[in-house]
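This is model-v9.txt (compact mmCIF, C-alpha atoms).
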# COMPACT_ATOMS: atom_id res chain seq x y z
CA MET P 1 -64.07 45.92 280.25
CA LYS P 2 -67.86 46.26 280.14
CA ASP P 3 -69.78 44.52 282.91
CA TRP P 4 -72.58 42.81 280.96
CA THR P 5 -76.01 42.16 282.40
CA ARG P 6 -77.80 39.02 281.31
CA ARG P 7 -80.50 41.10 279.62
CA GLU P 8 -77.91 43.06 277.66
CA ARG P 9 -76.12 39.86 276.70
CA VAL P 10 -79.26 38.29 275.21
CA ALA P 11 -80.42 41.49 273.48
CA THR P 12 -76.98 42.04 271.96
CA ALA P 13 -76.75 38.48 270.66
CA LEU P 14 -80.24 38.76 269.12
CA ASP P 15 -79.08 41.94 267.37
CA HIS P 16 -76.40 39.78 265.71
CA LEU P 17 -73.60 41.36 267.66
CA GLU P 18 -71.12 39.72 270.01
CA PRO P 19 -71.53 40.32 273.77
CA ASP P 20 -68.98 39.02 276.28
CA ARG P 21 -70.12 35.42 275.83
CA VAL P 22 -72.82 33.32 274.20
CA PRO P 23 -76.04 33.64 276.25
CA CYS P 24 -77.77 30.49 277.45
CA ASP P 25 -81.21 29.25 278.46
CA ILE P 26 -82.66 26.11 280.05
CA THR P 27 -85.82 24.20 279.19
CA ILE P 28 -86.49 21.27 281.48
CA SER P 29 -89.29 18.93 282.53
CA PRO P 30 -90.58 19.07 286.11
CA ASP P 31 -89.23 15.59 286.88
CA ALA P 32 -85.75 16.46 285.65
CA TYR P 33 -85.96 19.78 287.46
CA ALA P 34 -86.71 18.02 290.75
CA ILE P 35 -83.54 15.94 290.28
CA LEU P 36 -81.53 19.05 289.44
CA CYS P 37 -82.83 20.90 292.51
CA ASP P 38 -81.90 17.98 294.76
CA HIS P 39 -78.39 17.90 293.28
CA LEU P 40 -77.93 21.66 293.68
CA GLY P 41 -79.43 21.74 297.19
CA GLU P 42 -82.28 24.00 296.10
CA LYS P 43 -85.93 23.79 297.02
CA PHE P 44 -88.19 22.21 294.39
CA GLU P 45 -91.33 24.30 294.13
CA PRO P 46 -94.53 22.76 292.81
CA TYR P 47 -95.05 23.80 289.22
CA LYS P 48 -98.13 25.17 287.57
CA TRP P 49 -100.03 23.38 284.82
CA ASP P 50 -98.40 23.62 281.44
CA ASP P 51 -99.54 21.98 278.22
CA TRP P 52 -96.06 20.81 277.34
CA ASN P 53 -94.73 19.79 280.75
CA HIS P 54 -92.29 22.61 281.35
CA ALA P 55 -90.82 23.52 284.71
CA THR P 56 -90.03 27.12 285.61
CA PRO P 57 -86.62 27.08 287.32
CA SER P 58 -86.15 29.42 290.25
CA VAL P 59 -83.89 32.44 290.25
CA GLU P 60 -81.56 30.56 292.60
CA VAL P 61 -81.18 27.60 290.20
CA LEU P 62 -80.70 29.91 287.21
CA ASP P 63 -78.02 31.81 289.12
CA LYS P 64 -76.12 28.61 289.91
CA LEU P 65 -76.13 27.61 286.23
CA ASN P 66 -75.36 31.16 285.00
CA VAL P 67 -78.47 31.05 282.80
CA ASP P 68 -79.45 34.34 281.15
CA VAL P 69 -83.17 33.85 280.42
CA TYR P 70 -86.18 33.67 282.74
CA HIS P 71 -89.46 32.27 281.36
CA VAL P 72 -92.39 34.09 282.95
CA ASP P 73 -95.58 32.13 283.54
CA ILE P 74 -98.71 33.53 281.88
CA GLY P 75 -100.78 30.43 281.11
CA ALA P 76 -104.21 29.79 282.59
CA GLU P 77 -104.87 26.43 284.19
CA PRO P 78 -108.01 24.60 283.01
CA GLU P 79 -110.92 25.03 285.37
CA GLY P 80 -110.70 22.61 288.28
CA PHE P 81 -107.27 21.30 287.32
CA THR P 82 -104.87 19.92 289.94
CA ILE P 83 -101.60 18.11 289.27
CA ASP P 84 -103.09 14.95 290.79
CA LYS P 85 -105.81 14.72 288.16
CA ILE P 86 -105.55 11.72 285.85
CA GLU P 87 -107.87 13.15 283.21
CA PHE P 88 -109.13 16.63 282.37
CA LYS P 89 -110.32 18.74 279.45
CA ASP P 90 -108.32 21.76 278.32
CA ALA P 91 -109.75 25.10 277.22
CA TRP P 92 -109.75 24.03 273.55
CA GLY P 93 -111.90 20.97 274.27
CA ASN P 94 -109.19 18.29 274.07
CA ASN P 95 -109.38 15.59 276.70
CA LYS P 96 -105.99 14.92 278.30
CA ARG P 97 -104.79 11.90 280.27
CA LYS P 98 -101.75 11.64 282.53
CA ILE P 99 -99.29 9.06 281.19
CA ILE P 100 -96.88 7.82 283.86
CA ASN P 101 -93.60 6.33 282.64
CA GLU P 102 -91.64 3.52 284.26
CA ASP P 103 -89.26 6.00 285.87
CA GLY P 104 -92.17 7.87 287.48
CA SER P 105 -92.07 10.84 285.13
CA HIS P 106 -95.28 11.84 283.42
CA MET P 107 -96.91 14.08 280.89
CA TYR P 108 -100.45 14.79 279.73
CA CYS P 109 -101.40 13.42 276.31
CA MET P 110 -104.48 14.03 274.20
CA THR P 111 -106.99 11.19 274.01
CA ASP P 112 -109.39 12.58 271.40
CA TYR P 113 -109.90 14.95 268.48
CA PRO P 114 -113.19 16.73 269.23
CA LEU P 115 -113.75 17.97 265.67
CA GLN P 116 -112.62 14.80 263.88
CA ASP P 117 -116.07 14.13 262.43
CA ALA P 118 -116.71 17.71 261.30
CA THR P 119 -116.96 18.22 257.55
CA THR P 120 -118.43 21.71 257.17
CA ILE P 121 -117.37 25.24 258.02
CA GLU P 122 -120.70 25.62 259.85
CA GLU P 123 -119.56 22.91 262.27
CA ILE P 124 -116.34 24.84 262.86
CA ASP P 125 -118.33 27.99 263.61
CA ALA P 126 -120.63 26.11 266.01
CA TYR P 127 -117.78 24.61 268.06
CA PRO P 128 -117.48 25.94 271.65
CA TRP P 129 -114.29 27.92 271.11
CA PRO P 130 -112.39 29.47 274.03
CA VAL P 131 -112.13 33.23 274.31
CA PRO P 132 -108.62 34.70 274.60
CA GLU P 133 -109.12 35.55 278.28
CA GLN P 134 -109.47 31.82 279.07
CA LEU P 135 -105.96 31.15 277.75
CA VAL P 136 -104.07 33.79 279.73
CA SER P 137 -103.56 34.31 283.44
CA LEU P 138 -102.22 37.82 283.92
CA THR P 139 -103.79 39.12 287.09
CA ASP P 140 -102.56 42.37 288.58
CA GLU P 141 -100.60 40.30 291.09
CA ARG P 142 -98.91 38.29 288.34
CA VAL P 143 -98.09 41.40 286.31
CA ASN P 144 -96.53 42.94 289.42
CA GLU P 145 -94.41 39.80 289.90
CA ILE P 146 -93.14 40.10 286.33
CA LYS P 147 -92.48 43.81 286.79
CA HIS P 148 -90.54 42.97 289.97
CA LEU P 149 -88.40 40.46 288.06
CA TYR P 150 -87.72 43.08 285.40
CA ASN P 151 -86.75 45.79 287.90
CA ASN P 152 -84.89 43.66 290.43
CA THR P 153 -83.07 41.06 288.35
CA ASP P 154 -81.04 41.36 285.15
CA PHE P 155 -82.59 38.34 283.41
CA ALA P 156 -83.82 38.60 279.86
CA LEU P 157 -87.51 37.87 280.38
CA THR P 158 -89.47 35.85 277.85
CA ALA P 159 -92.91 34.25 277.58
CA THR P 160 -94.62 31.77 275.27
CA PHE P 161 -98.12 32.44 273.93
CA GLY P 162 -100.27 32.63 270.81
CA GLY P 163 -99.31 30.72 267.67
CA ASN P 164 -100.11 27.03 267.32
CA LEU P 165 -102.33 27.47 264.25
CA GLN P 166 -101.15 24.29 262.53
CA GLU P 167 -100.79 22.09 265.60
CA ARG P 168 -104.02 23.21 267.24
CA SER P 169 -105.82 22.45 263.98
CA HIS P 170 -104.69 18.84 263.88
CA PHE P 171 -105.10 18.50 267.63
CA LEU P 172 -108.79 19.14 266.96
CA ILE P 173 -109.35 17.03 263.84
CA GLY P 174 -106.43 14.59 263.83
CA LEU P 175 -103.16 14.84 261.92
CA GLU P 176 -104.09 12.46 259.11
CA LYS P 177 -107.34 14.29 258.35
CA TRP P 178 -105.61 17.67 258.51
CA LEU P 179 -102.91 16.61 256.04
CA MET P 180 -105.40 14.98 253.66
CA ASN P 181 -107.63 18.04 253.75
CA PHE P 182 -104.99 20.10 251.94
CA TYR P 183 -105.82 17.93 248.92
CA ASP P 184 -109.45 16.99 249.61
CA ASP P 185 -110.89 20.07 251.33
CA PRO P 186 -108.38 22.92 251.80
CA ASP P 187 -111.18 25.41 252.54
CA PHE P 188 -111.98 23.48 255.72
CA ASN P 189 -108.38 23.68 256.93
CA MET P 190 -108.13 27.37 256.12
CA ALA P 191 -111.36 28.12 258.01
CA LEU P 192 -110.10 26.11 260.98
CA MET P 193 -106.73 27.88 261.06
CA GLU P 194 -108.36 31.28 260.71
CA LYS P 195 -110.67 30.60 263.66
CA ILE P 196 -107.67 29.65 265.78
CA MET P 197 -105.68 32.59 264.41
CA HIS P 198 -108.23 35.16 265.58
CA ILE P 199 -108.35 33.64 269.08
CA GLN P 200 -104.57 33.57 269.36
CA MET P 201 -104.25 37.13 268.06
CA GLY P 202 -106.54 38.11 270.94
CA VAL P 203 -104.15 36.36 273.31
CA ASP P 204 -101.22 38.21 271.73
CA ARG P 205 -102.90 41.57 272.28
CA ILE P 206 -103.66 40.85 275.93
CA VAL P 207 -100.14 39.67 276.79
CA ILE P 208 -98.26 42.32 274.83
CA ASP P 209 -100.42 45.08 276.27
CA LYS P 210 -99.88 43.90 279.85
CA ILE P 211 -96.23 42.79 279.89
CA GLY P 212 -94.71 43.42 276.45
CA LYS P 213 -92.51 46.22 277.77
CA TYR P 214 -90.76 43.78 280.10
CA LEU P 215 -89.94 41.05 277.55
CA THR P 216 -86.68 40.89 275.62
CA TYR P 217 -88.32 38.46 273.22
CA PHE P 218 -91.37 36.24 273.19
CA ARG P 219 -92.02 32.91 271.53
CA PHE P 220 -95.13 31.75 269.76
CA ASN P 221 -96.46 28.32 270.69
CA GLY P 222 -95.28 25.58 268.35
CA GLU P 223 -95.74 25.45 264.59
CA ASP P 224 -94.05 22.10 263.97
CA THR P 225 -93.36 21.52 260.28
CA GLY P 226 -90.75 18.76 260.42
CA THR P 227 -90.32 15.12 261.37
CA GLN P 228 -87.06 13.35 262.17
CA LYS P 229 -86.72 12.37 258.50
CA GLY P 230 -87.92 15.45 256.61
CA PRO P 231 -90.80 17.92 256.22
CA LEU P 232 -94.09 17.04 257.87
CA TYR P 233 -95.80 18.14 254.69
CA SER P 234 -95.00 19.87 251.42
CA PRO P 235 -93.28 23.27 251.75
CA ASP P 236 -95.31 24.33 248.69
CA ILE P 237 -98.57 23.47 250.47
CA PHE P 238 -97.29 25.34 253.50
CA ARG P 239 -96.62 28.46 251.47
CA GLU P 240 -99.96 28.35 249.68
CA TYR P 241 -102.32 27.61 252.55
CA THR P 242 -100.65 27.83 255.95
CA MET P 243 -98.07 30.58 255.60
CA PRO P 244 -100.49 33.50 254.94
CA ARG P 245 -102.43 32.83 258.14
CA VAL P 246 -99.45 32.17 260.37
CA MET P 247 -97.63 35.19 258.92
CA ASN P 248 -100.66 37.38 259.59
CA GLU P 249 -100.46 36.58 263.30
CA TRP P 250 -96.68 36.85 263.51
CA GLN P 251 -96.47 40.21 261.78
CA THR P 252 -99.47 41.69 263.61
CA ALA P 253 -98.07 40.65 266.99
CA LYS P 254 -94.59 41.83 266.08
CA LYS P 255 -95.93 45.27 265.18
CA LEU P 256 -97.72 45.50 268.55
CA PHE P 257 -94.65 44.25 270.39
CA LEU P 258 -92.32 46.78 268.80
CA GLN P 259 -94.61 49.56 270.01
CA GLN P 260 -93.98 48.34 273.58
CA ASN P 261 -90.32 47.38 273.08
CA PRO P 262 -88.64 48.84 269.97
CA ASN P 263 -85.82 46.30 270.23
CA GLY P 264 -88.03 43.29 270.96
CA LYS P 265 -87.73 40.06 269.00
CA ILE P 266 -90.15 37.26 268.17
CA ALA P 267 -89.16 33.61 268.31
CA ILE P 268 -90.88 30.63 266.77
CA HIS P 269 -90.78 26.92 267.60
CA SER P 270 -90.73 24.31 264.85
CA CYS P 271 -89.44 20.80 265.47
CA GLY P 272 -87.67 18.30 263.28
CA SER P 273 -86.11 18.64 259.85
CA ILE P 274 -87.19 22.19 259.00
CA ILE P 275 -84.35 23.40 256.80
CA LYS P 276 -86.69 23.70 253.80
CA PHE P 277 -89.00 25.98 255.81
CA ILE P 278 -86.36 28.32 257.25
CA PRO P 279 -86.44 30.73 254.27
CA SER P 280 -90.21 31.04 254.70
CA PHE P 281 -89.88 31.61 258.45
CA ILE P 282 -87.42 34.44 257.78
CA GLU P 283 -89.74 35.95 255.18
CA MET P 284 -92.62 35.72 257.67
CA GLY P 285 -90.76 37.83 260.20
CA ALA P 286 -89.22 35.35 262.65
CA ASP P 287 -86.22 36.77 264.51
CA VAL P 288 -85.33 33.57 266.38
CA ILE P 289 -85.88 29.90 265.48
CA ASN P 290 -86.12 27.16 268.12
CA PRO P 291 -85.29 24.30 268.77
CA ILE P 292 -82.82 23.39 265.95
CA GLN P 293 -83.20 19.63 266.34
CA THR P 294 -79.74 18.56 265.22
CA ASN P 295 -80.43 14.81 265.14
CA ALA P 296 -83.11 15.31 262.49
CA GLU P 297 -82.24 14.97 258.82
CA ASN P 298 -80.33 17.86 257.20
CA MET P 299 -80.14 19.86 260.44
CA ASP P 300 -76.35 20.21 260.57
CA THR P 301 -75.55 23.37 262.55
CA GLU P 302 -72.54 24.21 260.38
CA VAL P 303 -74.76 24.31 257.28
CA ILE P 304 -77.61 26.13 259.03
CA GLY P 305 -75.31 28.73 260.52
CA ARG P 306 -73.57 29.35 257.22
CA GLU P 307 -76.78 29.54 255.16
CA PHE P 308 -79.05 31.47 257.52
CA GLY P 309 -77.03 32.85 260.43
CA ALA P 310 -76.87 36.39 259.06
CA LYS P 311 -80.66 36.58 258.68
CA VAL P 312 -82.07 34.92 261.81
CA SER P 313 -80.98 33.92 265.31
CA PHE P 314 -81.12 30.43 266.78
CA HIS P 315 -82.15 29.05 270.17
CA GLY P 316 -81.46 25.49 271.32
CA ALA P 317 -79.46 23.01 269.19
CA ILE P 318 -77.84 21.00 272.02
CA ASP P 319 -79.23 17.56 271.25
CA SER P 320 -81.39 16.35 274.13
CA GLN P 321 -82.29 12.97 272.59
CA ASP P 322 -78.82 11.53 272.15
CA VAL P 323 -75.95 13.75 273.32
CA LEU P 324 -77.47 14.91 276.61
CA GLU P 325 -79.16 11.61 277.42
CA HIS P 326 -76.51 9.11 276.33
CA GLY P 327 -73.30 11.11 276.17
CA THR P 328 -70.65 11.82 278.77
CA PRO P 329 -69.94 15.21 280.34
CA GLU P 330 -66.92 15.44 278.05
CA SER P 331 -68.94 14.73 274.88
CA VAL P 332 -71.63 17.18 275.98
CA LYS P 333 -69.02 19.91 276.42
CA GLU P 334 -67.56 19.20 272.99
CA GLU P 335 -71.01 19.38 271.41
CA VAL P 336 -71.66 22.72 273.11
CA ARG P 337 -68.28 24.08 272.00
CA LYS P 338 -68.82 23.00 268.38
CA THR P 339 -72.39 24.31 268.26
CA MET P 340 -71.48 27.72 269.67
CA ILE P 341 -68.87 28.10 266.93
CA ASN P 342 -71.28 26.97 264.20
CA LEU P 343 -74.19 29.18 265.29
CA GLY P 344 -72.73 31.88 267.52
CA VAL P 345 -69.90 33.64 265.67
CA GLY P 346 -71.04 37.23 265.22
CA GLY P 347 -73.86 36.74 267.73
CA GLY P 348 -77.28 35.37 266.88
CA TYR P 349 -77.33 32.33 269.18
CA ILE P 350 -78.79 31.41 272.58
CA CYS P 351 -77.32 28.09 273.70
CA ALA P 352 -79.94 25.72 275.13
CA PRO P 353 -81.19 22.14 274.93
CA SER P 354 -82.98 21.24 271.70
CA HIS P 355 -85.98 20.16 273.80
CA ASN P 356 -86.85 19.91 277.49
CA ILE P 357 -84.21 18.07 279.49
CA GLN P 358 -85.86 14.86 280.69
CA ALA P 359 -85.43 12.90 283.91
CA SER P 360 -83.40 10.28 282.02
CA VAL P 361 -80.63 12.83 281.32
CA PRO P 362 -77.80 12.40 283.85
CA VAL P 363 -77.58 15.51 286.00
CA GLU P 364 -73.82 15.59 285.32
CA ASN P 365 -74.60 16.10 281.63
CA THR P 366 -77.00 18.93 282.40
CA LEU P 367 -74.32 20.66 284.45
CA ALA P 368 -71.75 20.04 281.72
CA LEU P 369 -73.85 21.98 279.22
CA TYR P 370 -73.75 25.13 281.34
CA GLU P 371 -70.14 24.65 282.39
CA ALA P 372 -69.19 24.48 278.71
CA VAL P 373 -70.89 27.82 277.99
CA GLN P 374 -68.69 29.40 280.64
CA GLU P 375 -65.54 27.58 279.50
CA TYR P 376 -65.86 27.96 275.73
CA GLY P 377 -68.50 30.63 275.13
CA ARG P 378 -66.39 33.75 275.60
CA TYR P 379 -65.99 35.91 272.53
CA PRO P 380 -64.13 35.70 270.26
CA LEU P 381 -65.14 32.07 269.75
CA ILE P 382 -62.29 29.80 268.60

structure tokens encoding of this file:
Amino acid sequence: MKDWTRRERVATALDHLEPDRVPCDITISPDAYAILCDHLGEKFEPYKWDDWNHATPSVEVLDKLNVDVYHVDIGAEPEGFTIDKIEFKDAWGNNKRKIINEDGSHMYCMTDYPLQDATTIEEIDAYPWPVPEQLVSLTDERVNEIKHLYNNTDFALTATFGGNLQERSHFLIGLEKWLMNFYDDPDFNMALMEKIMHIQMGVDRIVIDKIGKYLTYFRFNGEDTGTQKGPLYSPDIFREYTMPRVMNEWQTAKKLFLQQNPNGKIAIHSCGSIIKFIPSFIEMGADVINPIQTNAENMDTEVIGREFGAKVSFHGAIDSQDVLEHGTPESVKEEVRKTMINLGVGGGYICAPSHNIQASVPVENTLALYEAVQEYGRYPLI
């Protein structure tokens, strides 16, 4: 029998073929990661700044969980940032404040929308925009670290960068104004998204040029189009105004990436009830869709796998809001087993939490997720 490397396992699954088992990934908050490290007897390393409060698990932790994917760190910390700061401003001009929860966990939340009063395209042009180099930290030392991981481990390496055209737009002007502008002033929204698009395409070029050859796939920063109850806004509006700009970035970056890695794949992140957008995402060139938020309306994995599984791969889908947080190890394992069958027959699935595992998730449930992949994820799935 073939001895599969983790990199081969992920690449094969993303080619819609069946490796030895379903590959898996972990996304986890720093607070939950500290708990996991303590349970596993591993050292908890301080984490770098990240907009969305991700931890980067160590090779040792990934080995113990039999995880197949390693997320390389390429983000640039805001100037003067330390993890002890209560408030700071990010490179895009959003002020952030540390919100500390009752259990001691925290995350940084925006406190303003710096372009909320802007009404003209001239005001967009005059805004102090970041240059792509401010958003990426890929020093020679960091590139060598990534190259070392590629040459000395068998992980499928991935990174998250670029994207975020929709979200960054309403981070700057506010969600209500952004949504209303599609009816009141669509030219303003299009100019705003295009400004962000050109900056993010610069980021894409930098990252792909420096480390594209080492990545099995990469993921664009979030383009959330769903809520828990349905689409965030009209799929028709999305196709008319948003889709051309987002697709321009996706397809341009994908072309560059395939020059570095002819088998490389691009993944996109879109939360909530997104089933009405999936056909557009496929048309736009997405190879992988994350996070498959199964507790949102109409996000049944059996339906999604049947309707779209031959055309796109999936990443995530193990419900982190209910099953992981409130379930038992037994119910977690059953959810993993069912989801692998619904999304993973024939390949095309990386099993992972639907969102970052939080500190409120019992560590036994986290371990049960990865035990279930080993117990039930061997092909052929039954």

With only C-alpha atoms counted, which protein, DNA or RNA residues have an atom no more than 12 Å from (-73.7, 41.8, 280.2) in the file frame? Please answer as a list in words.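 Protein and nucleic acid residues near the point are Met1, Lys2, Asp3, Trp4, Thr5, Arg6, Arg7, Glu8, Arg9, Val10, Ala11, Thr12, Ala13, Glu18, Pro19, Asp20, Arg21, Val22, Pro23, Asn66, Asp68, Asp154, Phe155, Ala156 and Arg378 of chain P.
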
Export C-alpha atoms of the chosen residues as a PDB file, in the coordinates of the input?
ATOM      1  CA  MET P   1     -64.070  45.920 280.250  1.00  0.00           C
ATOM      2  CA  LYS P   2     -67.860  46.260 280.140  1.00  0.00           C
ATOM      3  CA  ASP P   3     -69.780  44.520 282.910  1.00  0.00           C
ATOM      4  CA  TRP P   4     -72.580  42.810 280.960  1.00  0.00           C
ATOM      5  CA  THR P   5     -76.010  42.160 282.400  1.00  0.00           C
ATOM      6  CA  ARG P   6     -77.800  39.020 281.310  1.00  0.00           C
ATOM      7  CA  ARG P   7     -80.500  41.100 279.620  1.00  0.00           C
ATOM      8  CA  GLU P   8     -77.910  43.060 277.660  1.00  0.00           C
ATOM      9  CA  ARG P   9     -76.120  39.860 276.700  1.00  0.00           C
ATOM     10  CA  VAL P  10     -79.260  38.290 275.210  1.00  0.00           C
ATOM     11  CA  ALA P  11     -80.420  41.490 273.480  1.00  0.00           C
ATOM     12  CA  THR P  12     -76.980  42.040 271.960  1.00  0.00           C
ATOM     13  CA  ALA P  13     -76.750  38.480 270.660  1.00  0.00           C
ATOM     14  CA  GLU P  18     -71.120  39.720 270.010  1.00  0.00           C
ATOM     15  CA  PRO P  19     -71.530  40.320 273.770  1.00  0.00           C
ATOM     16  CA  ASP P  20     -68.980  39.020 276.280  1.00  0.00           C
ATOM     17  CA  ARG P  21     -70.120  35.420 275.830  1.00  0.00           C
ATOM     18  CA  VAL P  22     -72.820  33.320 274.200  1.00  0.00           C
ATOM     19  CA  PRO P  23     -76.040  33.640 276.250  1.00  0.00           C
ATOM     20  CA  ASN P  66     -75.360  31.160 285.000  1.00  0.00           C
ATOM     21  CA  ASP P  68     -79.450  34.340 281.150  1.00  0.00           C
ATOM     22  CA  ASP P 154     -81.040  41.360 285.150  1.00  0.00           C
ATOM     23  CA  PHE P 155     -82.590  38.340 283.410  1.00  0.00           C
ATOM     24  CA  ALA P 156     -83.820  38.600 279.860  1.00  0.00           C
ATOM     25  CA  ARG P 378     -66.390  33.750 275.600  1.00  0.00           C
TER      26      ARG P 378
END

Between P:Leu324, P:Ile350, P:Ala253, P:Cys37, which is the closest to Ile292 in chain P once you count all atoms listed in the file?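 Checking each candidate against Ile292 in chain P, we get P:Ile350 as the closest.
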
Rank P:Val67, P:Pro130, P:Asp117, P:Pro30 by their smallest atom-to-atom distance to Val373 in chain P, using all atoms listed in the file, and report the top residue only.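 Distance minimum relative to Val373 in chain P lands on P:Val67.
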
Atom-to-atom span, CA of Gln200 in chain P and CA of Pro244 in chain P, Å: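 Separating CA of Gln200 in chain P from CA of Pro244 in chain P is a distance of 15.0 Å.
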
May I ask which of the residues P:Asp125, P:Asp84, P:Glu223, P:Glu371 is the closest one to Phe277 in chain P, counting all atoms listed in the file? P:Glu223

How far is it from CA of Ala286 in chain P to CA of Thr153 in chain P, in Å with one decimal?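 Atom-to-atom, CA of Ala286 in chain P to CA of Thr153 in chain P, that is 27.0 Å.
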
What lies within 12 Å of Leu215 in chain P using all atoms listed in the file, ignoring chain neighbours under 4 positions off, as number ranges by chain? P: 7, 10-11, 69-72, 143, 146-147, 149-151, 154-160, 207-211, 219, 257-258, 260-267

Go through P:Thr225, P:Asp15, P:Tyr127, P:Ser320 and flag the residue nearest Phe281 in chain P, using all atoms listed in the file for the distances. P:Thr225

Do a neighbour search on Ile357 in chain P at 7 Å with all atoms listed in the file, toss out local chain neighbours closer than 4 positions, and write the hits as JSON, numbers by chain. {"P": [27, 28, 29, 32, 320, 353, 361]}

Proximity to Phe171 in chain P - best of P:Asn365, P:Asn94, P:Thr242, P:Thr328, only C-alpha atoms: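 Checking each of P:Asn365, P:Asn94, P:Thr242, P:Thr328 against Phe171 in chain P, counting only C-alpha atoms, the winner is P:Asn94.
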
Nearest to Gln166 in chain P, chosen from P:Ser137, P:Thr56, P:Gln358, P:Asn189, with all atoms listed in the file counted in the distances: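 Looking at the shortest contact to Gln166 in chain P, the residue is P:Asn189.
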
Find the spatial neighbours of Ala317 in chain P, counting all atoms listed in the file, within a cut-off of 7 Å - ignore same-chain residues fewer than 5 positions away - and output them as a list in words. Pro291, Ile292, Gln293, Thr294, Ala352, Pro353 and Ser354 of chain P

What does the distance from CA of Leu14 in chain P to CA of Gly346 in chain P come to in Å, to one decimal?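 Computing it gives 10.1 Å between the two atoms.
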
Counting all atoms listed in the file, find the residues whose atoms lie at most 9 Å from (-97.8, 33.5, 255.1) (file coordinates) and write them out as a ChimeraX atom specification. /P:238-248,280-281,283-284

Box for range 274-289 of chain P - axis-aligned, 8 Å on each of the six sides, all listed atoms - centre and size in Å to one decimal, as lines of an AutoDock Vina configuration file.
center_x = -88.5
center_y = 30.0
center_z = 260.1
size_x = 24.3
size_y = 31.6
size_z = 28.6

For Ile289 in chain P, work out the shell of residues within 9 Å, counting all atoms listed in the file and skipping chain neighbours fewer than 5 positions away, then give it as an NGL selection string. :P and (266-270 or 278 or 281 or 312-316)

I need the residues from that last selection saved to file as a PDB file, keeping the file's coordinate frame (with C-alpha atoms), if you can.
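Output contents, as saved in part.pdb:
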ATOM      1  CA  ILE P 266     -90.150  37.260 268.170  1.00  0.00           C
ATOM      2  CA  ALA P 267     -89.160  33.610 268.310  1.00  0.00           C
ATOM      3  CA  ILE P 268     -90.880  30.630 266.770  1.00  0.00           C
ATOM      4  CA  HIS P 269     -90.780  26.920 267.600  1.00  0.00           C
ATOM      5  CA  SER P 270     -90.730  24.310 264.850  1.00  0.00           C
ATOM      6  CA  ILE P 278     -86.360  28.320 257.250  1.00  0.00           C
ATOM      7  CA  PHE P 281     -89.880  31.610 258.450  1.00  0.00           C
ATOM      8  CA  VAL P 312     -82.070  34.920 261.810  1.00  0.00           C
ATOM      9  CA  SER P 313     -80.980  33.920 265.310  1.00  0.00           C
ATOM     10  CA  PHE P 314     -81.120  30.430 266.780  1.00  0.00           C
ATOM     11  CA  HIS P 315     -82.150  29.050 270.170  1.00  0.00           C
ATOM     12  CA  GLY P 316     -81.460  25.490 271.320  1.00  0.00           C
TER      13      GLY P 316
END
